Amino acid sequence: MPEQIEQSVEVNGIGRHRGRLFQIRIYLVKFLRMFIYQNDWKVLPMAAAIGVIVAMVTRSNMFVTMEGTLVGSFAITLACVWNGCFNSIQVVCRERGIVKREHRSGMHISSYVCAHVIYQALLCLAQTILLMIVCVRAGVPFPKEGFITRWIYLDIGISAFLITFASDMMGLLVSSFVRTTTAAMTVMPLLLVFQLIFSGGMVALPQWTLSVSGATLSRYGLRSIAALADFNSLPAVSGWNTLSNMRNTEIDHTLTVDDVVVLLQNDAVRSQLSEISTPDGLTMEQVADTILETGMLQQFEGAEYDLHIKLGDILNAIGEQRVKEYVTEASRITSYNAAYEHTRGNVIRCWMVMIAFSLGFVILATIALEFIDKDKR
Amino acid sequence: MPRIMKLLLTLLFGEAGYLSAAAGVLICIGLWGVFKKCGVKPWRALIPCLKYYDLALCAAREPEGRVLFMTSVLTTLGSAAALFIPESNRIWVVVGSLDILVYVVETIFLIRVIIALLEVFDAKKRWLFLAIPLTGIFLVIFGWNRRFQPKWKVSDYQEQAASLSGVNARVMDKGLTVNIEDRSVTEFFKKKYLLRDIHMYIKPGSMVLLLGGSGAGKTTYLNAVNGYERANAKIVLNNANVYENYKKMQYDIGFVPQQDLMRGADTVQATLTDAALLRLPIDYPAALRKERVTEVMRIFGLEPVAGSMVSKLSGGQRKRLSIAMEFISNPSLFILDEPDSGLDGVMARELFEQLRNIADQGKIIIVITHTPDRVIDLFDDVIVLAKDANRTGRLAFFGSIDDARAFFGKQRMEEIVMSVNRKEEGGEGRADEFIEKYAEVQHA
């Protein structure tokens, strides 16, 4: 053994060592190698499985109705946030001791974080592609034309990628802050619930929470997908569906002549009646005036009439198609959301915010790791 | 109740109600007695929030005491703020919710402190059932009933430690000169010395054993020597100041941590190649670098497992790989923190023989091990660190193995450690005696 050591070359000459850029390469290659050897590759089939669940929820109404699009956008956003967070939530804290040792041996924290960012970006890209493929194959009715690019798949894909990547960087930040995987997994549900609630997609938020909501990347992810789907131009069907489901509901009411008189004197009703004409060329409003002026109804004063009528009969009487069109349009106007405005500016703004979120998380993660030497032994 | 009265009660006792005030008064009375028994100034029981820190000191749970102090300050401030915010205001909801959160943490840490206090008073754990809901009554009983006496006092810590030697080691052209004045940290507004007054010169080619009981500052010493955690010190390696040239010197000092900190999902060859890329200078030719990796694998017997995953290696192989990663840059100073942990006698011997061979090339090897006697013949010198009366790591001895045996009057190194360990740790508690004695030797 001593002979072998005697042969060793004198290599400890204090010279210049590899800089940040080269170290990024070292770590990137290492992470890619470990992707194969370690269990990291399992996030890809998991992303596909999540894609199937999302497609099952979204395939019928996404891009077709307002409600379906909102649910679909929310489901895609949530899937992306989950994928991203899960990719990176443990990557740093599980090897914190190793990072500390390597930092002590000359590794630059910025190189380590940069290598992670590139590696995670590749992982997020692969997951997004899988998610899109699953959605397309499951028959989610994507629009024919793109909005920002020529292909809508690419538009939605960019949004999905940015949500996944920003969430991934959020996970990386948490992983850089906490010291154990247990702590990371304790924080993760809190983060997900925060993103889910404050995205504003499914829960109507009180006014004062809007500033908190502004700090969630899911909100901008959801906005970008809904804006790309032209949410505000789609029909809102929930109002009509509710009404239609109540078709067999019976209306029981006792009507008096006084009620009829009050009804005929109502301005809104009179306005409606003025649009209906009799075969004699009179409007129904004129007929109502005649009835009121001649006192025809006074002879029935005090009389009561019991009404038993189904909602469906009223719909038939008025004209189902007409009511449907009216309710759908009214619901669409009510559901209009300026945040989902179908403009290039809106979509690109959301993308930029998500990129800014990612950058912010990366910078904070680097700063947090720079203090790794302060870890208690 | 007027608001000013409520505020006063809140600041004094944490809450504004009469009942809480009564409970607060009981706590103060109880703490007065407990502090008196435990050697803490009794009037400190009257200081809001800080009294809980002192209670933790009585229970020998200082870290918990810090958390209790902070949570106590937060809940008091929260309750005080709530007095001025109308309930209809949403900030009241936020403050109230956070107050509950902090209160939960406070309760958990109070339970920890009380459990420790019961141990100090040698009382049964069932007292906890009284202590949690009725803390005041519990403290009054333990503070004023003569039946309950603590096993030790906080003032036991205020012993007079051995004096400082003040003798610096001479800086030589070759070898390692260590002159540590002190290494301190500030914890909870208090300066705490981890190491003091450590001076020595280690010549090249030495393999040095670092001995010391738990908490004696062995790892702190090593980190101070290699510049990773700087002390108020001057460390000179081969005529270069380690602290002033740390960026360059870190490649000339190899530190092998106690745990095998390597990525399990990578091969041995790739791990060493990456280590070489990081640790060798940029102008070191690629062909030589590959040769160096192969050579180091051969030296440490890793060639047969070059393509194996690190996670599949045996304990001994992993340890050798961990050392090889640092050895790749052929450092002048090689520091190893318990390299033989988890290894059987044969494997440990083999490993230390390899380290001896490295030292014989003119390198300095400093090793911490808890089982030194099985390999003591391989060492040249021994450093003995010990905790003085103030719990500060001090130098109790530095010299050859034979001199150490004569100095301590012990044959085995493990006996030397026992002689400087504190009595409550099962040792002989003679640390200060040897620190003083060694200081005299240095002066002579």
# chains A, B, ... in the order shown; residues from 1 in each chain; ligands from 1
>>> residues_around(residues="Lys125 in chain B", least_positions_apart="4", cutoff="12 Å", atoms="only C-alpha atoms", output="list of chain:residue names")
B:Ile111, B:Arg112, B:Ile114, B:Ile115, B:Ala116, B:Leu117, B:Leu118, B:Glu119, B:Val120, B:Phe121, B:Phe129, B:Leu130, B:Ala131, B:Ile132
>>> residues_around(residues="Gln250 in chain B", least_positions_apart="5", cutoff="8 Å", atoms="only C-alpha atoms", output="PyMOL selection string")
(chain A and resi 104-106) or (chain B and resi 226-227)
>>> write_last_selection(atoms="N, CA and C atoms", output="short mmCIF file (atom, residue, chain, number, x, y, z; two decimals), in the first residue's frame")
data_model
loop_
_atom_site.label_atom_id
_atom_site.label_comp_id
_atom_site.auth_asym_id
_atom_site.auth_seq_id
_atom_site.Cartn_x
_atom_site.Cartn_y
_atom_site.Cartn_z
N ARG A 104 -18.55 23.18 0.92
CA ARG A 104 -17.29 23.31 1.65
C ARG A 104 -16.10 22.92 0.77
N SER A 105 -16.37 22.08 -0.23
CA SER A 105 -15.28 21.65 -1.13
C SER A 105 -15.19 22.51 -2.38
N GLY A 106 -15.88 23.61 -2.40
CA GLY A 106 -15.72 24.54 -3.51
C GLY A 106 -16.90 24.64 -4.46
N ASN B 226 -9.96 24.21 9.88
CA ASN B 226 -10.00 24.21 8.40
C ASN B 226 -10.65 25.47 7.84
N GLY B 227 -11.05 26.38 8.72
CA GLY B 227 -11.55 27.68 8.26
C GLY B 227 -13.01 27.69 7.90
#
>>> interface_residues(of="chain B", to="chain A", cutoff="8 Å", atoms="only C-alpha atoms", output="ChimeraX atom specification")
/B:228,247-252,257,261-263,265-266,274,277-283,292,295,299,329-332,354,357-358,361
>>> residues_around(residues="Arg230 in chain B", least_positions_apart="5", cutoff="9 Å", atoms="only C-alpha atoms", output="compact mmCIF listing (two decimals) with N, CA and C atoms, in the first residue's frame")
# COMPACT_ATOMS: atom_id res chain seq x y z
N ARG B 183 -13.57 30.80 20.28
CA ARG B 183 -14.61 30.63 19.25
C ARG B 183 -15.93 30.73 20.02
N ASN B 223 -13.53 22.46 12.61
CA ASN B 223 -14.08 23.46 11.69
C ASN B 223 -13.33 24.78 11.80
N ALA B 224 -12.84 25.08 12.99
CA ALA B 224 -12.06 26.32 13.17
C ALA B 224 -10.71 26.17 12.48
N VAL B 225 -10.13 24.98 12.57
CA VAL B 225 -8.81 24.76 11.97
C VAL B 225 -8.89 24.81 10.44
N TYR B 243 -7.26 31.40 7.08
CA TYR B 243 -8.44 32.28 7.04
C TYR B 243 -8.30 33.33 5.93
>>> residues_around(residues="range 96-108 of chain B", least_positions_apart="6", cutoff="8 Å", atoms="only C-alpha atoms", output="list of chain:residue names")
B:Val67, B:Leu68, B:Thr71, B:Ser72, B:Leu74, B:Thr75, B:Gly78, B:Ser79, B:Ala82
>>> write_last_selection(atoms="N, CA and C atoms", output="compact mmCIF listing (two decimals), in the first residue's frame")
# COMPACT_ATOMS: atom_id res chain seq x y z
N VAL B 67 -37.85 29.47 23.23
CA VAL B 67 -39.12 29.41 22.50
C VAL B 67 -40.26 29.89 23.39
N LEU B 68 -40.24 29.46 24.65
CA LEU B 68 -41.30 29.88 25.58
C LEU B 68 -41.31 31.39 25.74
N THR B 71 -42.75 32.91 22.45
CA THR B 71 -44.19 32.69 22.31
C THR B 71 -44.96 33.49 23.35
N SER B 72 -44.38 33.58 24.54
CA SER B 72 -45.03 34.33 25.61
C SER B 72 -45.12 35.81 25.23
N LEU B 74 -45.17 36.98 22.19
CA LEU B 74 -46.13 37.09 21.07
C LEU B 74 -47.58 37.03 21.55
N THR B 75 -47.87 36.06 22.45
CA THR B 75 -49.26 35.95 22.92
C THR B 75 -49.66 37.18 23.74
N GLY B 78 -50.21 39.92 21.30
CA GLY B 78 -51.46 39.63 20.57
C GLY B 78 -52.67 39.99 21.40
N SER B 79 -52.65 39.57 22.67
CA SER B 79 -53.79 39.87 23.55
C SER B 79 -53.91 41.37 23.78
N ALA B 82 -55.33 42.96 20.70
CA ALA B 82 -56.75 42.64 20.54
C ALA B 82 -57.65 43.58 21.35
>>> atom_distance(atom1="CA of Glu64 in chain B", atom2="CA of Val113 in chain B")
6.9 Å
>>> closest_residue(among="B:Thr177, B:Ser165, B:Ser184, B:Gln259", to="Ile435 in chain B", atoms="only C-alpha atoms")
B:Ser165
>>> residues_around(residues="Arg3 in chain B", least_positions_apart="2", cutoff="12 Å", atoms="only C-alpha atoms", output="list in words")
Met1, Met5, Lys6, Leu7, Leu8, Leu9, Thr10, Ala16, Gly17, Ala80, Ala81, Ala82, Leu83, Phe84 and Ile85 of chain B
>>> atom_distance(atom1="CA of Thr294 in chain A", atom2="CA of Arg270 in chain A")
17.4 Å
>>> select_by_dssp(residues="range 138-325 of chain A", states="strand (DSSP E or B)", output="list in words")
Glu250, Ile251, Asp252, His253, Thr254, Leu255, Thr256, Ser277, Thr283, Glu304, Tyr305, Asp306, Leu307, His308, Ile309 and Lys310 of chain A
>>> residues_around(residues="Gln258 in chain B", least_positions_apart="2", cutoff="9 Å", atoms="only C-alpha atoms", output="list in words")
Val256, Asp260, Leu261, Leu336, Asp337, Glu338, Pro339, Asp340 and Ser341 of chain B
>>> select_by_dssp(residues="range 172-290 of chain A", states="helix (DSSP H, G or I)", output="JSON, numbers by chain")
{"A": [172, 173, 174, 175, 176, 177, 181, 182, 183, 184, 185, 186, 187, 188, 189, 190, 191, 192, 193, 194, 195, 196, 197, 198, 207, 208, 209, 210, 211, 212, 213, 217, 218, 219, 220, 221, 222, 223, 224, 225, 226, 227, 228, 231, 232, 233, 238, 239, 240, 241, 242, 243, 244, 245, 257, 258, 259, 260, 261, 262, 263, 264, 265, 267, 268, 269, 270, 271, 272, 273, 284, 285, 286, 287, 288, 289, 290]}
>>> atom_distance(atom1="CA of Leu385 in chain B", atom2="CA of Tyr201 in chain B")
15.3 Å
>>> closest_residue(among="B:Lys410, B:Lys190, B:Lys153, B:Arg146", to="Cys38 in chain B", atoms="only C-alpha atoms")
B:Lys153
